$ cat structure.txt   # compact mmCIF, N, CA and C atoms
# COMPACT_ATOMS: atom_id res chain seq x y z
N MET A 2 4.62 12.82 8.15
CA MET A 2 3.59 12.40 7.20
C MET A 2 2.26 12.37 7.92
N PRO A 3 1.31 13.16 7.47
CA PRO A 3 -0.02 13.12 8.08
C PRO A 3 -0.73 11.80 7.77
N ASN A 4 -1.61 11.45 8.66
CA ASN A 4 -2.40 10.24 8.45
C ASN A 4 -3.45 10.45 7.37
N LEU A 5 -3.73 9.38 6.63
CA LEU A 5 -4.83 9.42 5.67
C LEU A 5 -6.13 9.45 6.46
N SER A 6 -7.15 10.00 5.87
CA SER A 6 -8.43 10.11 6.57
C SER A 6 -9.04 8.71 6.79
N PRO A 7 -9.72 8.54 7.91
CA PRO A 7 -10.37 7.25 8.17
C PRO A 7 -11.38 6.87 7.08
N SER A 8 -12.06 7.86 6.50
CA SER A 8 -13.04 7.53 5.46
C SER A 8 -12.35 6.99 4.21
N LEU A 9 -11.14 7.47 3.90
CA LEU A 9 -10.40 6.94 2.76
C LEU A 9 -9.90 5.53 3.08
N LEU A 10 -9.38 5.33 4.26
CA LEU A 10 -8.91 4.00 4.65
C LEU A 10 -10.04 2.97 4.66
N ASP A 11 -11.26 3.41 4.94
CA ASP A 11 -12.41 2.50 4.93
C ASP A 11 -12.68 1.91 3.55
N ILE A 12 -12.36 2.65 2.49
CA ILE A 12 -12.68 2.16 1.15
C ILE A 12 -11.49 1.55 0.42
N LEU A 13 -10.26 1.85 0.86
CA LEU A 13 -9.08 1.31 0.19
C LEU A 13 -8.93 -0.18 0.48
N ARG A 14 -8.55 -0.93 -0.55
CA ARG A 14 -8.30 -2.37 -0.42
C ARG A 14 -6.99 -2.71 -1.12
N CYS A 15 -6.33 -3.72 -0.62
CA CYS A 15 -5.10 -4.20 -1.24
C CYS A 15 -5.42 -4.79 -2.60
N PRO A 16 -4.72 -4.37 -3.66
CA PRO A 16 -4.99 -4.93 -4.98
C PRO A 16 -4.54 -6.38 -5.14
N VAL A 17 -3.71 -6.87 -4.23
CA VAL A 17 -3.24 -8.26 -4.31
C VAL A 17 -4.16 -9.19 -3.53
N THR A 18 -4.50 -8.80 -2.28
CA THR A 18 -5.27 -9.71 -1.42
C THR A 18 -6.75 -9.34 -1.29
N GLY A 19 -7.08 -8.09 -1.61
CA GLY A 19 -8.45 -7.63 -1.43
C GLY A 19 -8.77 -7.26 0.01
N SER A 20 -7.78 -7.34 0.88
CA SER A 20 -8.00 -7.04 2.30
C SER A 20 -7.92 -5.54 2.56
N PRO A 21 -8.50 -5.09 3.68
CA PRO A 21 -8.36 -3.67 4.05
C PRO A 21 -6.89 -3.31 4.27
N LEU A 22 -6.60 -2.02 4.16
CA LEU A 22 -5.25 -1.52 4.37
C LEU A 22 -5.21 -0.68 5.64
N VAL A 23 -4.10 -0.74 6.35
CA VAL A 23 -3.88 0.11 7.52
C VAL A 23 -2.62 0.92 7.29
N GLN A 24 -2.60 2.13 7.83
CA GLN A 24 -1.44 2.98 7.65
C GLN A 24 -0.42 2.70 8.74
N GLU A 25 0.82 2.53 8.32
CA GLU A 25 1.96 2.39 9.23
C GLU A 25 3.02 3.37 8.76
N GLY A 26 3.07 4.54 9.38
CA GLY A 26 4.03 5.55 8.98
C GLY A 26 3.75 6.06 7.57
N ASP A 27 4.76 5.93 6.70
CA ASP A 27 4.65 6.41 5.32
C ASP A 27 4.21 5.33 4.35
N SER A 28 3.57 4.29 4.84
CA SER A 28 3.11 3.23 3.94
C SER A 28 1.78 2.66 4.41
N LEU A 29 1.15 1.94 3.49
CA LEU A 29 -0.08 1.20 3.80
C LEU A 29 0.28 -0.27 3.79
N VAL A 30 -0.30 -1.02 4.71
CA VAL A 30 -0.01 -2.44 4.86
C VAL A 30 -1.31 -3.21 4.78
N ALA A 31 -1.30 -4.29 3.98
CA ALA A 31 -2.47 -5.16 3.88
C ALA A 31 -2.69 -5.87 5.21
N THR A 32 -3.93 -6.20 5.49
CA THR A 32 -4.24 -6.91 6.74
C THR A 32 -4.26 -8.42 6.56
N ALA A 33 -3.92 -8.89 5.36
CA ALA A 33 -3.84 -10.33 5.10
C ALA A 33 -2.60 -10.59 4.24
N PRO A 34 -1.97 -11.74 4.42
CA PRO A 34 -0.80 -12.05 3.60
C PRO A 34 -1.19 -12.35 2.15
N GLY A 35 -0.24 -12.09 1.26
CA GLY A 35 -0.44 -12.38 -0.15
C GLY A 35 -0.21 -13.85 -0.45
N PRO A 36 -0.31 -14.25 -1.72
CA PRO A 36 -0.15 -15.66 -2.10
C PRO A 36 1.22 -16.24 -1.75
N ASP A 37 2.24 -15.37 -1.68
CA ASP A 37 3.59 -15.86 -1.35
C ASP A 37 3.86 -15.87 0.16
N GLY A 38 2.86 -15.49 0.96
CA GLY A 38 3.00 -15.52 2.41
C GLY A 38 3.49 -14.21 3.02
N THR A 39 3.90 -13.25 2.20
CA THR A 39 4.33 -11.97 2.73
C THR A 39 3.16 -10.99 2.71
N THR A 40 3.24 -9.99 3.57
CA THR A 40 2.19 -8.98 3.64
C THR A 40 2.55 -7.81 2.74
N PRO A 41 1.74 -7.54 1.72
CA PRO A 41 2.04 -6.44 0.80
C PRO A 41 2.04 -5.08 1.51
N ARG A 42 2.98 -4.21 1.08
CA ARG A 42 3.09 -2.84 1.59
C ARG A 42 3.08 -1.91 0.39
N TYR A 43 2.51 -0.73 0.60
CA TYR A 43 2.38 0.26 -0.47
C TYR A 43 2.82 1.62 0.04
N ALA A 44 3.57 2.33 -0.76
CA ALA A 44 4.07 3.65 -0.38
C ALA A 44 2.95 4.69 -0.43
N ILE A 45 3.13 5.72 0.38
CA ILE A 45 2.28 6.92 0.31
C ILE A 45 3.22 8.05 -0.10
N GLU A 46 3.02 8.58 -1.30
CA GLU A 46 3.89 9.63 -1.82
C GLU A 46 3.12 10.94 -1.92
N ASP A 47 3.59 11.94 -1.22
CA ASP A 47 2.93 13.26 -1.20
C ASP A 47 1.46 13.15 -0.81
N GLY A 48 1.14 12.25 0.12
CA GLY A 48 -0.23 12.08 0.59
C GLY A 48 -1.10 11.23 -0.31
N ILE A 49 -0.51 10.63 -1.36
CA ILE A 49 -1.28 9.82 -2.31
C ILE A 49 -0.83 8.36 -2.21
N PRO A 50 -1.74 7.43 -1.89
CA PRO A 50 -1.38 6.02 -1.85
C PRO A 50 -1.03 5.51 -3.25
N VAL A 51 0.09 4.81 -3.35
CA VAL A 51 0.52 4.21 -4.61
C VAL A 51 0.21 2.73 -4.52
N LEU A 52 -0.93 2.33 -5.08
CA LEU A 52 -1.41 0.95 -4.93
C LEU A 52 -1.04 0.08 -6.13
N LEU A 53 0.24 0.05 -6.42
CA LEU A 53 0.75 -0.84 -7.45
C LEU A 53 1.23 -2.12 -6.77
N ALA A 54 1.08 -3.24 -7.46
CA ALA A 54 1.53 -4.50 -6.90
C ALA A 54 3.01 -4.39 -6.53
N PRO A 55 3.44 -4.98 -5.42
CA PRO A 55 4.83 -4.85 -4.97
C PRO A 55 5.85 -5.22 -6.04
N THR A 56 5.59 -6.22 -6.87
CA THR A 56 6.54 -6.58 -7.91
C THR A 56 6.66 -5.46 -8.95
N THR A 57 5.57 -4.74 -9.19
CA THR A 57 5.60 -3.62 -10.13
C THR A 57 6.45 -2.50 -9.58
N THR A 58 6.29 -2.18 -8.31
CA THR A 58 7.07 -1.09 -7.73
C THR A 58 8.54 -1.45 -7.64
N SER A 59 8.88 -2.71 -7.38
CA SER A 59 10.28 -3.12 -7.32
C SER A 59 10.93 -3.00 -8.70
N ALA A 60 10.22 -3.39 -9.73
CA ALA A 60 10.75 -3.30 -11.09
C ALA A 60 10.99 -1.85 -11.48
N ASN A 61 10.06 -0.98 -11.10
CA ASN A 61 10.21 0.44 -11.43
C ASN A 61 11.39 1.06 -10.70
N GLN A 62 11.66 0.68 -9.49
CA GLN A 62 12.77 1.24 -8.72
C GLN A 62 14.10 0.80 -9.30
N GLU A 63 14.18 -0.39 -9.88
CA GLU A 63 15.42 -0.85 -10.46
C GLU A 63 15.77 -0.07 -11.72
N ASN A 64 14.75 0.44 -12.41
CA ASN A 64 14.99 1.18 -13.66
C ASN A 64 15.32 2.64 -13.43
N VAL A 65 15.24 3.09 -12.18
CA VAL A 65 15.49 4.51 -11.90
C VAL A 65 16.96 4.76 -11.74
$ encode --input "structure.txt" --output "structure tokens"
Amino acid sequence: MPNLSPSLLDILRCPVTGSPLVQEGDSLVATAPGPDGTTPRYAIEDGIPVLLAPTTTSANQENV
């Protein structure tokens, strides 16, 4: 998985915490914990960040 461009990472923010995101492998990770104390993670699919709230992505995966 290629890295996202630094200019894109500069503008992306976590939709839950509002914090900057950093790339870790095939996902983006918030730099601040969410309200429940966990750090939100977001998938990168085909080079496109999927910035849906973690509860939304979990619900979608159960329906597949």
$ residues_around --input "structure.txt" --residues "Leu10 of chain A" --least-positions-apart "3" --cutoff "7 Å" --atoms "all atoms listed in the file" --output "PyMOL selection string"
chain A and resi 5-7+13-14+21-23
$ atom_distance --input "structure.txt" --atom1 "atom C of Pro3 of chain A" --atom2 "atom C of Gly38 of chain A"
26.8 Å
$ atom_distance --input "structure.txt" --atom1 "atom C of Thr39 of chain A" --atom2 "atom CA of Val51 of chain A"
17.1 Å
$ atom_distance --input "structure.txt" --atom1 "atom CA of Asn4 of chain A" --atom2 "atom CA of Val30 of chain A"
13.4 Å
$ residues_around --input "structure.txt" --residues "Leu29 of chain A" --least-positions-apart "3" --cutoff "8 Å" --atoms "only C-alpha atoms" --output "PyMOL selection string"
chain A and resi 22-26+42-45+50
$ select_by_dssp --input "structure.txt" --residues "chain A" --states "strand (DSSP E)" --output "ChimeraX atom specification"
/A:22-25,28-31,42-46,49-50
$ select_by_dssp --input "structure.txt" --residues "chain A" --states "alpha helix (DSSP H)" --output "PyMOL selection string"
chain A and resi 7-12+55-63
$ residues_near_point --input "structure.txt" --point "(-2.1, -12.5, -6.1)" --cutoff "8 Å" --atoms "only N, CA and C atoms" --output "NGL selection string"
:A and (16-18 or 35-37)
$ closest_residue --input "structure.txt" --among "A:Cys15, A:Leu9, A:Ser20, A:Ala31" --to "Ile49 of chain A" --atoms "only C-alpha atoms"
A:Leu9
$ axis_aligned_box --input "structure.txt" --around "segment 4-17 of chain A" --padding-each-side "5 Å" --output "lines of an AutoDock Vina configuration file"
center_x = -7.3
center_y = 1.1
center_z = 1.8
size_x = 21.4
size_y = 30.6
size_z = 23.8
$ build_atoms --input "structure.txt" --residues "segment 6-28 of chain A" --atoms "N, CA, C and O atoms" --output "PDB file, in the frame of the given file"
ATOM      1  N   SER A   6      -7.150  10.000   5.870  1.00  0.00           N
ATOM      2  CA  SER A   6      -8.430  10.110   6.570  1.00  0.00           C
ATOM      3  C   SER A   6      -9.040   8.710   6.790  1.00  0.00           C
ATOM      4  O   SER A   6      -8.894   7.824   5.954  1.00  0.00           O
ATOM      5  N   PRO A   7      -9.720   8.540   7.910  1.00  0.00           N
ATOM      6  CA  PRO A   7     -10.370   7.250   8.170  1.00  0.00           C
ATOM      7  C   PRO A   7     -11.380   6.870   7.080  1.00  0.00           C
ATOM      8  O   PRO A   7     -11.519   5.691   6.756  1.00  0.00           O
ATOM      9  N   SER A   8     -12.060   7.860   6.500  1.00  0.00           N
ATOM     10  CA  SER A   8     -13.040   7.530   5.460  1.00  0.00           C
ATOM     11  C   SER A   8     -12.350   6.990   4.210  1.00  0.00           C
ATOM     12  O   SER A   8     -12.884   6.106   3.533  1.00  0.00           O
ATOM     13  N   LEU A   9     -11.140   7.470   3.900  1.00  0.00           N
ATOM     14  CA  LEU A   9     -10.400   6.940   2.760  1.00  0.00           C
ATOM     15  C   LEU A   9      -9.900   5.530   3.080  1.00  0.00           C
ATOM     16  O   LEU A   9     -10.027   4.615   2.248  1.00  0.00           O
ATOM     17  N   LEU A  10      -9.380   5.330   4.260  1.00  0.00           N
ATOM     18  CA  LEU A  10      -8.910   4.000   4.650  1.00  0.00           C
ATOM     19  C   LEU A  10     -10.040   2.970   4.660  1.00  0.00           C
ATOM     20  O   LEU A  10      -9.806   1.787   4.393  1.00  0.00           O
ATOM     21  N   ASP A  11     -11.260   3.410   4.940  1.00  0.00           N
ATOM     22  CA  ASP A  11     -12.410   2.500   4.930  1.00  0.00           C
ATOM     23  C   ASP A  11     -12.680   1.910   3.550  1.00  0.00           C
ATOM     24  O   ASP A  11     -13.183   0.788   3.451  1.00  0.00           O
ATOM     25  N   ILE A  12     -12.360   2.650   2.490  1.00  0.00           N
ATOM     26  CA  ILE A  12     -12.680   2.160   1.150  1.00  0.00           C
ATOM     27  C   ILE A  12     -11.490   1.550   0.420  1.00  0.00           C
ATOM     28  O   ILE A  12     -11.671   0.812  -0.538  1.00  0.00           O
ATOM     29  N   LEU A  13     -10.260   1.850   0.860  1.00  0.00           N
ATOM     30  CA  LEU A  13      -9.080   1.310   0.190  1.00  0.00           C
ATOM     31  C   LEU A  13      -8.930  -0.180   0.480  1.00  0.00           C
ATOM     32  O   LEU A  13      -9.133  -0.633   1.602  1.00  0.00           O
ATOM     33  N   ARG A  14      -8.550  -0.930  -0.550  1.00  0.00           N
ATOM     34  CA  ARG A  14      -8.300  -2.370  -0.420  1.00  0.00           C
ATOM     35  C   ARG A  14      -6.990  -2.710  -1.120  1.00  0.00           C
ATOM     36  O   ARG A  14      -6.611  -2.081  -2.103  1.00  0.00           O
ATOM     37  N   CYS A  15      -6.330  -3.720  -0.620  1.00  0.00           N
ATOM     38  CA  CYS A  15      -5.100  -4.200  -1.240  1.00  0.00           C
ATOM     39  C   CYS A  15      -5.420  -4.790  -2.600  1.00  0.00           C
ATOM     40  O   CYS A  15      -6.307  -5.644  -2.714  1.00  0.00           O
ATOM     41  N   PRO A  16      -4.720  -4.370  -3.660  1.00  0.00           N
ATOM     42  CA  PRO A  16      -4.990  -4.930  -4.980  1.00  0.00           C
ATOM     43  C   PRO A  16      -4.540  -6.380  -5.140  1.00  0.00           C
ATOM     44  O   PRO A  16      -4.976  -7.067  -6.054  1.00  0.00           O
ATOM     45  N   VAL A  17      -3.710  -6.870  -4.230  1.00  0.00           N
ATOM     46  CA  VAL A  17      -3.240  -8.260  -4.310  1.00  0.00           C
ATOM     47  C   VAL A  17      -4.160  -9.190  -3.530  1.00  0.00           C
ATOM     48  O   VAL A  17      -4.571 -10.223  -4.030  1.00  0.00           O
ATOM     49  N   THR A  18      -4.500  -8.800  -2.280  1.00  0.00           N
ATOM     50  CA  THR A  18      -5.270  -9.710  -1.420  1.00  0.00           C
ATOM     51  C   THR A  18      -6.750  -9.340  -1.290  1.00  0.00           C
ATOM     52  O   THR A  18      -7.548 -10.152  -0.864  1.00  0.00           O
ATOM     53  N   GLY A  19      -7.080  -8.090  -1.610  1.00  0.00           N
ATOM     54  CA  GLY A  19      -8.450  -7.630  -1.430  1.00  0.00           C
ATOM     55  C   GLY A  19      -8.770  -7.260   0.010  1.00  0.00           C
ATOM     56  O   GLY A  19      -9.903  -6.898   0.324  1.00  0.00           O
ATOM     57  N   SER A  20      -7.780  -7.340   0.880  1.00  0.00           N
ATOM     58  CA  SER A  20      -8.000  -7.040   2.300  1.00  0.00           C
ATOM     59  C   SER A  20      -7.920  -5.540   2.560  1.00  0.00           C
ATOM     60  O   SER A  20      -7.327  -4.794   1.780  1.00  0.00           O
ATOM     61  N   PRO A  21      -8.500  -5.090   3.680  1.00  0.00           N
ATOM     62  CA  PRO A  21      -8.360  -3.670   4.050  1.00  0.00           C
ATOM     63  C   PRO A  21      -6.890  -3.310   4.270  1.00  0.00           C
ATOM     64  O   PRO A  21      -6.060  -4.175   4.540  1.00  0.00           O
ATOM     65  N   LEU A  22      -6.600  -2.020   4.160  1.00  0.00           N
ATOM     66  CA  LEU A  22      -5.250  -1.520   4.370  1.00  0.00           C
ATOM     67  C   LEU A  22      -5.210  -0.680   5.640  1.00  0.00           C
ATOM     68  O   LEU A  22      -6.183   0.001   5.968  1.00  0.00           O
ATOM     69  N   VAL A  23      -4.100  -0.740   6.350  1.00  0.00           N
ATOM     70  CA  VAL A  23      -3.880   0.110   7.520  1.00  0.00           C
ATOM     71  C   VAL A  23      -2.620   0.920   7.290  1.00  0.00           C
ATOM     72  O   VAL A  23      -1.678   0.459   6.635  1.00  0.00           O
ATOM     73  N   GLN A  24      -2.600   2.130   7.830  1.00  0.00           N
ATOM     74  CA  GLN A  24      -1.440   2.980   7.650  1.00  0.00           C
ATOM     75  C   GLN A  24      -0.420   2.700   8.740  1.00  0.00           C
ATOM     76  O   GLN A  24      -0.755   2.640   9.926  1.00  0.00           O
ATOM     77  N   GLU A  25       0.820   2.530   8.320  1.00  0.00           N
ATOM     78  CA  GLU A  25       1.960   2.390   9.230  1.00  0.00           C
ATOM     79  C   GLU A  25       3.020   3.370   8.760  1.00  0.00           C
ATOM     80  O   GLU A  25       3.750   3.099   7.803  1.00  0.00           O
ATOM     81  N   GLY A  26       3.070   4.540   9.380  1.00  0.00           N
ATOM     82  CA  GLY A  26       4.030   5.550   8.980  1.00  0.00           C
ATOM     83  C   GLY A  26       3.750   6.060   7.570  1.00  0.00           C
ATOM     84  O   GLY A  26       2.654   6.515   7.277  1.00  0.00           O
ATOM     85  N   ASP A  27       4.760   5.930   6.700  1.00  0.00           N
ATOM     86  CA  ASP A  27       4.650   6.410   5.320  1.00  0.00           C
ATOM     87  C   ASP A  27       4.210   5.330   4.350  1.00  0.00           C
ATOM     88  O   ASP A  27       4.500   5.405   3.153  1.00  0.00           O
ATOM     89  N   SER A  28       3.570   4.290   4.840  1.00  0.00           N
ATOM     90  CA  SER A  28       3.110   3.230   3.940  1.00  0.00           C
ATOM     91  C   SER A  28       1.780   2.660   4.410  1.00  0.00           C
ATOM     92  O   SER A  28       1.351   2.868   5.535  1.00  0.00           O
TER      93      SER A  28
END
